[in-house]
$ cat data.cif   # mmCIF, C-alpha atoms and all ligand atoms
data_data
#
loop_
_atom_site.label_atom_id
_atom_site.label_comp_id
_atom_site.auth_asym_id
_atom_site.auth_seq_id
_atom_site.Cartn_x
_atom_site.Cartn_y
_atom_site.Cartn_z
CA MET A 1 241.69 112.14 233.32
CA LEU A 2 239.79 113.73 236.19
CA GLU A 3 237.50 115.42 233.64
CA LYS A 4 236.58 112.04 232.19
CA TYR A 5 235.95 110.66 235.67
CA GLU A 6 233.78 113.69 236.42
CA LYS A 7 231.79 113.27 233.21
CA ALA A 8 231.27 109.55 233.93
CA GLY A 9 230.15 110.50 237.44
CA ARG A 10 227.61 113.08 236.26
CA ILE A 11 226.16 110.63 233.74
CA ALA A 12 225.97 107.82 236.31
CA SER A 13 224.19 110.08 238.78
CA GLU A 14 221.63 111.27 236.22
CA VAL A 15 221.08 107.73 234.97
CA LEU A 16 220.48 106.45 238.50
CA ASP A 17 217.70 109.03 238.95
CA TYR A 18 216.28 108.02 235.59
CA ALA A 19 216.30 104.32 236.50
CA GLU A 20 214.52 105.07 239.78
CA SER A 21 211.85 107.07 237.93
CA LEU A 22 211.22 104.12 235.59
CA VAL A 23 210.79 101.76 238.54
CA LYS A 24 208.28 104.20 240.07
CA LYS A 25 206.34 104.23 236.80
CA GLY A 26 205.94 100.47 237.17
CA PHE A 27 208.09 99.20 234.29
CA ASP A 28 209.33 95.65 234.62
CA LEU A 29 213.02 95.29 235.42
CA LEU A 30 213.97 94.22 231.90
CA ARG A 31 212.56 97.48 230.50
CA VAL A 32 214.26 99.43 233.28
CA ALA A 33 217.63 97.84 232.45
CA GLU A 34 217.30 98.34 228.70
CA MET A 35 216.11 101.93 228.90
CA THR A 36 218.73 102.79 231.52
CA GLU A 37 221.58 101.38 229.45
CA LYS A 38 220.28 103.29 226.42
CA LYS A 39 220.22 106.48 228.51
CA ILE A 40 223.91 105.99 229.36
CA ALA A 41 224.73 105.98 225.65
CA ASP A 42 222.43 108.94 224.93
CA LEU A 43 224.32 110.99 227.52
CA GLY A 44 227.68 110.19 225.94
CA GLY A 45 228.90 107.35 228.17
CA SER A 46 229.17 103.59 227.91
CA PRO A 47 228.02 101.02 230.47
CA ALA A 48 230.94 99.91 232.65
CA PHE A 49 228.80 96.85 233.48
CA PRO A 50 225.18 95.81 232.92
CA VAL A 51 222.70 97.66 235.14
CA ASN A 52 222.31 95.51 238.28
CA LEU A 53 218.75 95.29 239.65
CA SER A 54 218.92 93.05 242.69
CA VAL A 55 215.80 92.49 244.81
CA ASN A 56 215.56 91.75 248.57
CA GLU A 57 217.89 88.90 249.64
CA VAL A 58 219.60 89.04 246.24
CA ALA A 59 222.51 91.30 247.14
CA ALA A 60 224.16 91.85 243.77
CA HIS A 61 224.89 90.68 240.21
CA TYR A 62 221.27 90.33 239.07
CA THR A 63 220.61 91.75 235.64
CA PRO A 64 217.51 90.74 233.67
CA GLU A 65 217.63 88.14 230.92
CA LYS A 66 215.89 88.75 227.57
CA ASN A 67 212.72 86.93 228.62
CA ASP A 68 212.69 88.27 232.19
CA ARG A 69 209.28 89.35 233.55
CA LEU A 70 210.37 90.32 237.06
CA THR A 71 208.69 93.38 238.59
CA VAL A 72 208.99 94.85 242.07
CA SER A 73 206.22 95.26 244.61
CA GLU A 74 205.67 98.01 247.19
CA ASP A 75 207.90 96.71 249.97
CA ASP A 76 210.72 95.17 247.94
CA TYR A 77 214.29 96.38 248.42
CA LEU A 78 215.52 97.08 244.91
CA LYS A 79 219.22 97.84 244.59
CA ILE A 80 219.87 99.81 241.41
CA ASP A 81 223.59 99.71 240.61
CA VAL A 82 224.85 101.65 237.63
CA GLY A 83 228.34 101.83 236.10
CA VAL A 84 229.38 104.31 233.42
CA HIS A 85 232.70 104.74 231.71
CA VAL A 86 234.02 107.56 229.58
CA ASP A 87 237.09 106.40 227.67
CA GLY A 88 237.63 103.76 230.35
CA TYR A 89 237.30 106.07 233.37
CA ILE A 90 234.61 104.48 235.51
CA ALA A 91 231.95 105.85 237.84
CA ASP A 92 230.01 103.32 239.90
CA THR A 93 226.98 104.26 242.00
CA ALA A 94 224.04 102.48 243.59
CA ARG A 95 221.08 103.11 245.81
CA THR A 96 218.23 101.09 247.25
CA VAL A 97 214.69 101.94 246.24
CA VAL A 98 211.63 100.87 248.23
CA LEU A 99 208.40 102.06 246.59
CA SER A 100 206.58 102.29 249.93
CA GLY A 101 209.33 104.58 251.27
CA ARG A 102 212.89 104.52 252.61
CA ASP A 103 212.95 102.57 255.86
CA ASP A 104 215.71 102.18 258.46
CA LEU A 105 217.59 99.56 256.46
CA VAL A 106 217.88 101.92 253.49
CA LYS A 107 218.71 104.90 255.70
CA CYS A 108 221.37 102.81 257.42
CA ALA A 109 223.04 101.93 254.10
CA GLU A 110 223.07 105.62 253.12
CA LYS A 111 224.47 106.68 256.49
CA MET A 112 227.18 103.99 256.32
CA LEU A 113 228.19 105.50 252.98
CA SER A 114 228.09 109.15 254.04
CA GLU A 115 230.11 108.45 257.21
CA ALA A 116 232.68 106.49 255.20
CA ILE A 117 233.03 109.40 252.76
CA ARG A 118 233.73 111.80 255.67
CA VAL A 119 236.87 109.86 256.59
CA PHE A 120 237.98 109.30 252.97
CA VAL A 121 240.95 111.63 253.34
CA PRO A 122 244.69 111.06 252.80
CA GLY A 123 246.19 108.98 255.61
CA THR A 124 243.06 107.11 256.67
CA ARG A 125 243.64 103.37 256.72
CA LEU A 126 241.22 101.16 254.77
CA ARG A 127 240.60 99.18 257.97
CA GLU A 128 239.45 102.39 259.66
CA VAL A 129 236.95 103.08 256.88
CA GLY A 130 235.52 99.61 257.48
CA ALA A 131 235.29 100.30 261.22
CA VAL A 132 233.26 103.47 260.58
CA ILE A 133 230.91 101.58 258.25
CA GLU A 134 230.42 98.73 260.72
CA SER A 135 229.74 101.05 263.65
CA VAL A 136 226.86 102.75 261.81
CA ALA A 137 225.31 99.33 261.13
CA SER A 138 225.69 98.41 264.81
CA ASP A 139 224.01 101.67 265.87
CA PHE A 140 220.99 100.71 263.76
CA GLY A 141 221.07 97.11 265.05
CA PHE A 142 221.88 95.64 261.64
CA SER A 143 224.82 93.69 260.18
CA PRO A 144 227.11 94.90 257.42
CA VAL A 145 227.64 92.34 254.68
CA ARG A 146 231.22 91.23 255.35
CA ASN A 147 232.09 89.49 252.12
CA LEU A 148 231.15 92.34 249.81
CA THR A 149 233.52 95.28 249.53
CA GLY A 150 234.19 98.56 247.86
CA HIS A 151 237.05 98.67 245.40
CA GLY A 152 239.73 100.79 243.82
CA LEU A 153 239.07 101.91 240.26
CA SER A 154 241.46 102.39 237.41
CA ARG A 155 241.12 102.77 233.66
CA PHE A 156 239.04 99.91 232.18
CA ASP A 157 239.45 98.16 235.52
CA LEU A 158 236.48 97.88 237.86
CA HIS A 159 238.42 96.26 240.70
CA SER A 160 241.98 97.55 240.71
CA GLY A 161 242.99 95.21 243.51
CA THR A 162 242.43 97.34 246.59
CA THR A 163 239.27 96.66 248.60
CA VAL A 164 237.32 98.90 250.96
CA PRO A 165 235.98 96.64 253.73
CA ASN A 166 232.47 97.01 255.15
CA PHE A 167 233.55 95.98 258.67
CA ALA A 168 236.47 96.62 261.02
CA GLY A 169 239.00 94.45 259.25
CA GLY A 170 241.07 94.49 256.14
CA SER A 171 244.20 96.28 255.20
CA GLU A 172 246.41 98.81 256.97
CA ARG A 173 246.96 100.56 253.66
CA GLU A 174 246.55 104.33 253.82
CA LEU A 175 244.46 106.30 251.36
CA THR A 176 246.48 108.68 249.22
CA GLU A 177 245.45 111.92 247.56
CA GLY A 178 243.89 111.46 244.13
CA GLU A 179 243.09 107.74 244.36
CA VAL A 180 239.64 106.79 243.09
CA TYR A 181 237.50 104.24 244.89
CA ALA A 182 233.94 102.97 244.83
CA ILE A 183 232.69 102.80 248.42
CA GLU A 184 229.71 100.48 248.71
CA PRO A 185 228.37 99.41 252.08
CA PHE A 186 225.78 96.65 252.10
CA VAL A 187 223.62 96.07 255.19
CA THR A 188 221.13 93.40 256.17
CA THR A 189 218.77 92.34 258.92
CA GLY A 190 220.24 88.84 258.47
CA SER A 191 223.59 87.21 259.23
CA GLY A 192 225.73 89.51 257.10
CA TRP A 193 227.18 87.08 254.60
CA VAL A 194 226.33 86.42 250.95
CA LYS A 195 226.95 83.31 248.90
CA ASP A 196 227.00 82.46 245.20
CA THR A 197 223.90 80.97 243.65
CA GLU A 198 224.19 78.80 240.54
CA LYS A 199 222.68 81.48 238.32
CA VAL A 200 224.72 83.87 236.24
CA SER A 201 223.78 86.55 233.71
CA ILE A 202 226.97 88.66 233.83
CA PHE A 203 230.42 87.66 232.56
CA LYS A 204 233.83 89.20 232.02
CA TYR A 205 236.79 88.46 229.72
CA MET A 206 239.72 86.66 231.35
CA LYS A 207 241.86 85.04 228.63
CA ASP A 208 241.81 83.61 225.11
CA VAL A 209 241.15 79.90 224.65
CA PRO A 210 240.62 77.72 221.57
CA CYS A 211 236.92 77.49 220.61
CA ARG A 212 235.39 75.13 218.09
CA LEU A 213 232.07 77.01 217.97
CA PRO A 214 232.28 80.17 215.84
CA GLU A 215 229.75 81.87 218.17
CA ALA A 216 231.98 81.16 221.17
CA ARG A 217 234.91 82.71 219.31
CA ARG A 218 232.83 85.77 218.48
CA ILE A 219 231.55 86.16 222.05
CA LEU A 220 235.10 85.95 223.36
CA ARG A 221 236.28 88.58 220.89
CA MET A 222 233.37 90.87 221.85
CA ALA A 223 234.20 90.37 225.54
CA ARG A 224 237.80 91.39 224.90
CA GLU A 225 237.34 94.18 222.35
CA ASP A 226 233.80 95.57 222.32
CA PHE A 227 233.37 95.38 226.10
CA HIS A 228 237.06 96.16 226.83
CA GLY A 229 237.30 93.36 229.38
CA LEU A 230 234.54 94.94 231.46
CA PRO A 231 231.50 92.92 232.62
CA PHE A 232 228.74 92.28 230.07
CA ALA A 233 225.27 90.70 230.11
CA ARG A 234 224.09 87.57 228.32
CA ARG A 235 221.21 89.86 227.28
CA TRP A 236 223.63 91.94 225.18
CA LEU A 237 224.49 88.98 222.93
CA ASN A 238 222.42 88.50 219.80
CA PHE A 239 222.89 84.85 218.96
CA PRO A 240 220.19 82.15 219.23
CA LYS A 241 219.63 81.19 222.87
CA THR A 242 220.88 77.60 222.74
CA VAL A 243 224.17 78.37 221.02
CA THR A 244 224.68 81.37 223.32
CA ASP A 245 224.21 79.20 226.40
CA ILE A 246 226.51 76.45 225.09
CA SER A 247 229.16 79.00 224.16
CA LEU A 248 229.04 80.77 227.52
CA ARG A 249 229.25 77.45 229.37
CA HIS A 250 232.33 76.46 227.39
CA LEU A 251 233.95 79.85 227.90
CA VAL A 252 233.33 79.77 231.66
CA SER A 253 234.50 76.18 232.16
CA SER A 254 237.68 76.85 230.16
CA GLY A 255 238.47 79.95 232.21
CA ALA A 256 238.05 82.32 229.26
CA LEU A 257 235.22 84.19 230.98
CA HIS A 258 234.67 84.97 234.64
CA PRO A 259 231.06 84.36 235.75
CA TYR A 260 229.51 86.82 238.22
CA TYR A 261 227.18 84.43 240.02
CA ILE A 262 224.07 86.04 241.48
CA LEU A 263 224.72 86.63 245.19
CA LYS A 264 222.17 85.97 247.95
CA GLU A 265 222.21 86.77 251.65
CA VAL A 266 222.73 83.39 253.34
CA SER A 267 219.84 83.71 255.81
CA GLY A 268 217.47 84.97 253.10
CA ALA A 269 217.15 88.41 254.72
CA PRO A 270 216.80 91.63 252.73
CA VAL A 271 219.90 93.62 251.82
CA ALA A 272 220.26 97.36 251.19
CA GLN A 273 223.21 99.02 249.44
CA ALA A 274 224.46 102.55 248.80
CA GLU A 275 227.47 103.38 246.65
CA HIS A 276 229.46 106.35 245.43
CA THR A 277 232.66 106.82 243.49
CA VAL A 278 234.96 109.07 245.48
CA VAL A 279 238.35 110.74 244.95
CA VAL A 280 240.55 110.79 248.04
CA ALA A 281 241.25 114.40 249.11
CA ASP A 282 241.19 116.58 252.22
CA ARG A 283 237.66 117.34 251.09
CA PRO A 284 236.69 113.99 249.54
CA LYS A 285 235.26 114.50 246.07
CA VAL A 286 232.08 112.51 245.34
CA LEU A 287 231.99 112.00 241.56
CA THR A 288 228.50 110.49 241.55
CA ALA A 289 226.71 112.87 243.95
CA TRP A 290 222.96 112.35 243.94
CA THR A 291 220.74 115.36 243.33
CA ARG A 292 218.85 114.91 246.61
CA GLU A 293 222.09 115.18 248.66
MN MN B 1 228.20 99.30 241.82
MN MN B 2 231.09 98.86 242.89
#

$ encode --input "data.cif" --output "structure tokens"
Amino acid sequence: MLEKYEKAGRIASEVLDYAESLVKKGFDLLRVAEMTEKKIADLGGSPAFPVNLSVNEVAAHYTPEKNDRLTVSEDDYLKIDVGVHVDGYIADTARTVVLSGRDDLVKCAEKMLSEAIRVFVPGTRLREVGAVIESVASDFGFSPVRNLTGHGLSRFDLHSGTTVPNFAGGSERELTEGEVYAIEPFVTTGSGWVKDTEKVSIFKYMKDVPCRLPEARRILRMAREDFHGLPFARRWLNFPKTVTDISLRHLVSSGALHPYYILKEVSGAPVAQAEHTVVVADRPKVLTAWTRE
């Protein structure tokens, strides 16, 4: 089991570097997403979710659509968030890329993460991890994003129910040896809250429902079987656009699919993120260690 986690972690780390190199070459975000997801497969993994490429005040859940032309400019904060699974064992890692160079907001996100990892040992309470993360943000004069959290990981399950807060709050639960979590502080110059927009490009299987449209039935079966209940992109579906959109709308409104609405910082301020997948131990084990660390 740990070997599969470690393999997923190595692939995720390499793929994150690869995605960053594509952005630096000037590819549009659709190309970056497609090539990055192909790289995951080439290295022997599967995407645990569509590559998220969220820019500036968009905090998370943005993945390009098929006709997307979005590119980034010099000073944009691009959060590249990659998930890889090997036989269901998931590694989840993200960093923020600014072409003109890492500024304090990006450095703050990375320091929030590295300080959280230091205390990720058996016996630490999740609330205490949040306190460490928040205090780094305060030192920099920024706000952590309070309604985004890290999460426990288990096989074919991206959010196993336990959350790692990004501020001094949350549960008294103690970390135990061998547990696997994604730690993902988000930080902003704004108010520190995100809200749903009305846009969605990423979905996840929830339950079976009756469907009159054959395409809706097929999408639901793919969501359950091909994607193993993990998040998938509209972009991954190869049906005509109109019937795809009608099917997805039906499946969301009937509760068959969960929609991951694109999240924006409420005050419109830029957001930076850094994320690693970590095994709780006396010396916390970072499964997704970046090469520049
Ligand atoms: Mn992530
Ligand atoms: Mn995550």

$ residues_around --input "data.cif" --residues "segment 188-196 of chain A" --least-positions-apart "2" --cutoff "12 Å" --atoms "only C-alpha atoms" --output "PDB file with C-alpha atoms, in the coordinates of the input"
ATOM      1  CA  ASN A  56     215.560  91.750 248.570  1.00  0.00           C
ATOM      2  CA  GLU A  57     217.890  88.900 249.640  1.00  0.00           C
ATOM      3  CA  VAL A  58     219.600  89.040 246.240  1.00  0.00           C
ATOM      4  CA  ALA A  59     222.510  91.300 247.140  1.00  0.00           C
ATOM      5  CA  ALA A  60     224.160  91.850 243.770  1.00  0.00           C
ATOM      6  CA  HIS A  61     224.890  90.680 240.210  1.00  0.00           C
ATOM      7  CA  TYR A  62     221.270  90.330 239.070  1.00  0.00           C
ATOM      8  CA  TYR A  77     214.290  96.380 248.420  1.00  0.00           C
ATOM      9  CA  ASP A 104     215.710 102.180 258.460  1.00  0.00           C
ATOM     10  CA  LEU A 105     217.590  99.560 256.460  1.00  0.00           C
ATOM     11  CA  VAL A 106     217.880 101.920 253.490  1.00  0.00           C
ATOM     12  CA  LYS A 107     218.710 104.900 255.700  1.00  0.00           C
ATOM     13  CA  CYS A 108     221.370 102.810 257.420  1.00  0.00           C
ATOM     14  CA  ALA A 109     223.040 101.930 254.100  1.00  0.00           C
ATOM     15  CA  GLU A 134     230.420  98.730 260.720  1.00  0.00           C
ATOM     16  CA  ALA A 137     225.310  99.330 261.130  1.00  0.00           C
ATOM     17  CA  SER A 138     225.690  98.410 264.810  1.00  0.00           C
ATOM     18  CA  PHE A 140     220.990 100.710 263.760  1.00  0.00           C
ATOM     19  CA  GLY A 141     221.070  97.110 265.050  1.00  0.00           C
ATOM     20  CA  PHE A 142     221.880  95.640 261.640  1.00  0.00           C
ATOM     21  CA  SER A 143     224.820  93.690 260.180  1.00  0.00           C
ATOM     22  CA  PRO A 144     227.110  94.900 257.420  1.00  0.00           C
ATOM     23  CA  VAL A 145     227.640  92.340 254.680  1.00  0.00           C
ATOM     24  CA  ARG A 146     231.220  91.230 255.350  1.00  0.00           C
ATOM     25  CA  ASN A 147     232.090  89.490 252.120  1.00  0.00           C
ATOM     26  CA  LEU A 148     231.150  92.340 249.810  1.00  0.00           C
ATOM     27  CA  THR A 149     233.520  95.280 249.530  1.00  0.00           C
ATOM     28  CA  ASN A 166     232.470  97.010 255.150  1.00  0.00           C
ATOM     29  CA  PHE A 167     233.550  95.980 258.670  1.00  0.00           C
ATOM     30  CA  PRO A 185     228.370  99.410 252.080  1.00  0.00           C
ATOM     31  CA  PHE A 186     225.780  96.650 252.100  1.00  0.00           C
ATOM     32  CA  GLU A 198     224.190  78.800 240.540  1.00  0.00           C
ATOM     33  CA  LYS A 199     222.680  81.480 238.320  1.00  0.00           C
ATOM     34  CA  VAL A 200     224.720  83.870 236.240  1.00  0.00           C
ATOM     35  CA  PRO A 259     231.060  84.360 235.750  1.00  0.00           C
ATOM     36  CA  TYR A 260     229.510  86.820 238.220  1.00  0.00           C
ATOM     37  CA  TYR A 261     227.180  84.430 240.020  1.00  0.00           C
ATOM     38  CA  ILE A 262     224.070  86.040 241.480  1.00  0.00           C
ATOM     39  CA  LEU A 263     224.720  86.630 245.190  1.00  0.00           C
ATOM     40  CA  LYS A 264     222.170  85.970 247.950  1.00  0.00           C
ATOM     41  CA  GLU A 265     222.210  86.770 251.650  1.00  0.00           C
ATOM     42  CA  VAL A 266     222.730  83.390 253.340  1.00  0.00           C
ATOM     43  CA  SER A 267     219.840  83.710 255.810  1.00  0.00           C
ATOM     44  CA  GLY A 268     217.470  84.970 253.100  1.00  0.00           C
ATOM     45  CA  ALA A 269     217.150  88.410 254.720  1.00  0.00           C
ATOM     46  CA  PRO A 270     216.800  91.630 252.730  1.00  0.00           C
ATOM     47  CA  VAL A 271     219.900  93.620 251.820  1.00  0.00           C
ATOM     48  CA  ALA A 272     220.260  97.360 251.190  1.00  0.00           C
ATOM     49  CA  GLN A 273     223.210  99.020 249.440  1.00  0.00           C
TER      50      GLN A 273
END

$ residues_near_ligand --input "data.cif" --ligand "ligand MN 2 (chain B)" --cutoff "10 Å" --atoms "only C-alpha atoms and all ligand atoms" --output "list in words"
Phe49, Ala60, Asp81, Val82, Gly83, Ile90, Ala91, Asp92, Thr93, Ala94, Leu148, Thr149, Gly150, His151, Gly152, Leu153, Leu158, His159, Tyr181, Ala182, Ile183, Glu184, Pro185, Ala274, Glu275, His276 and Thr277 of chain A

$ atom_distance --input "data.cif" --atom1 "atom CA of Met35 of chain A" --atom2 "atom CA of Ala12 of chain A"
13.7 Å

$ residues_around --input "data.cif" --residues "Lys207 of chain A" --least-positions-apart "2" --cutoff "8 Å" --atoms "all atoms listed in the file" --output "list in words"
Tyr205, Val209, Gly255, Ala256 and Leu257 of chain A

$ write_last_selection --input "data.cif" --atoms "C-alpha atoms" --output "PDB file, in the frame of the given file"
ATOM      1  CA  TYR A 205     236.790  88.460 229.720  1.00  0.00           C
ATOM      2  CA  VAL A 209     241.150  79.900 224.650  1.00  0.00           C
ATOM      3  CA  GLY A 255     238.470  79.950 232.210  1.00  0.00           C
ATOM      4  CA  ALA A 256     238.050  82.320 229.260  1.00  0.00           C
ATOM      5  CA  LEU A 257     235.220  84.190 230.980  1.00  0.00           C
TER       6      LEU A 257
END

$ atom_distance --input "data.cif" --atom1 "atom CA of Ser73 of chain A" --atom2 "atom CA of Leu16 of chain A"
19.1 Å

$ residues_around --input "data.cif" --residues "Ser201 of chain A" --least-positions-apart "6" --cutoff "7 Å" --atoms "all atoms listed in the file" --output "MDAnalysis selection string"
chainID A and resid 63 65 233:234

$ closest_residue --input "data.cif" --among "A:Gly101, A:Arg173, A:Ile219, A:Val51" --to "ligand MN 1 (chain B)" --atoms "only C-alpha atoms and all ligand atoms"
A:Val51

$ atom_distance --input "data.cif" --atom1 "atom CA of Thr71 of chain A" --atom2 "atom CA of Ser13 of chain A"
22.8 Å

$ closest_residue --input "data.cif" --among "A:Arg212, A:Glu6, A:Lys204, A:Thr162" --to "Phe232 of chain A" --atoms "only C-alpha atoms"
A:Lys204

$ residues_around --input "data.cif" --residues "Leu70 of chain A" --least-positions-apart "6" --cutoff "9 Å" --atoms "all atoms listed in the file" --output "list in words"
Asp28, Leu29, Leu30 and Pro64 of chain A

$ closest_residue --input "data.cif" --among "A:Phe156, A:Arg127, A:Glu110, A:Glu14" --to "Ala168 of chain A" --atoms "only C-alpha atoms"
A:Arg127

$ closest_residue --input "data.cif" --among "A:Ala281, A:Ala131, A:Val23, A:Ile117" --to "Leu78 of chain A" --atoms "all atoms listed in the file"
A:Val23

$ closest_residue --input "data.cif" --among "A:Tyr89, A:Trp236, A:Phe203, A:Phe27" --to "Tyr5 of chain A" --atoms "only C-alpha atoms"
A:Tyr89

$ closest_residue --input "data.cif" --among "A:His85, A:Arg218, A:Lys285, A:Lys24" --to "Leu99 of chain A" --atoms "only C-alpha atoms"
A:Lys24

$ axis_aligned_box --input "data.cif" --around "segment 146-154 of chain A" --padding-each-side "6 Å" --output "JSON"
{"center_x": 236.3, "center_y": 95.9, "center_z": 246.4, "size_x": 22.3, "size_y": 24.9, "size_z": 29.9}
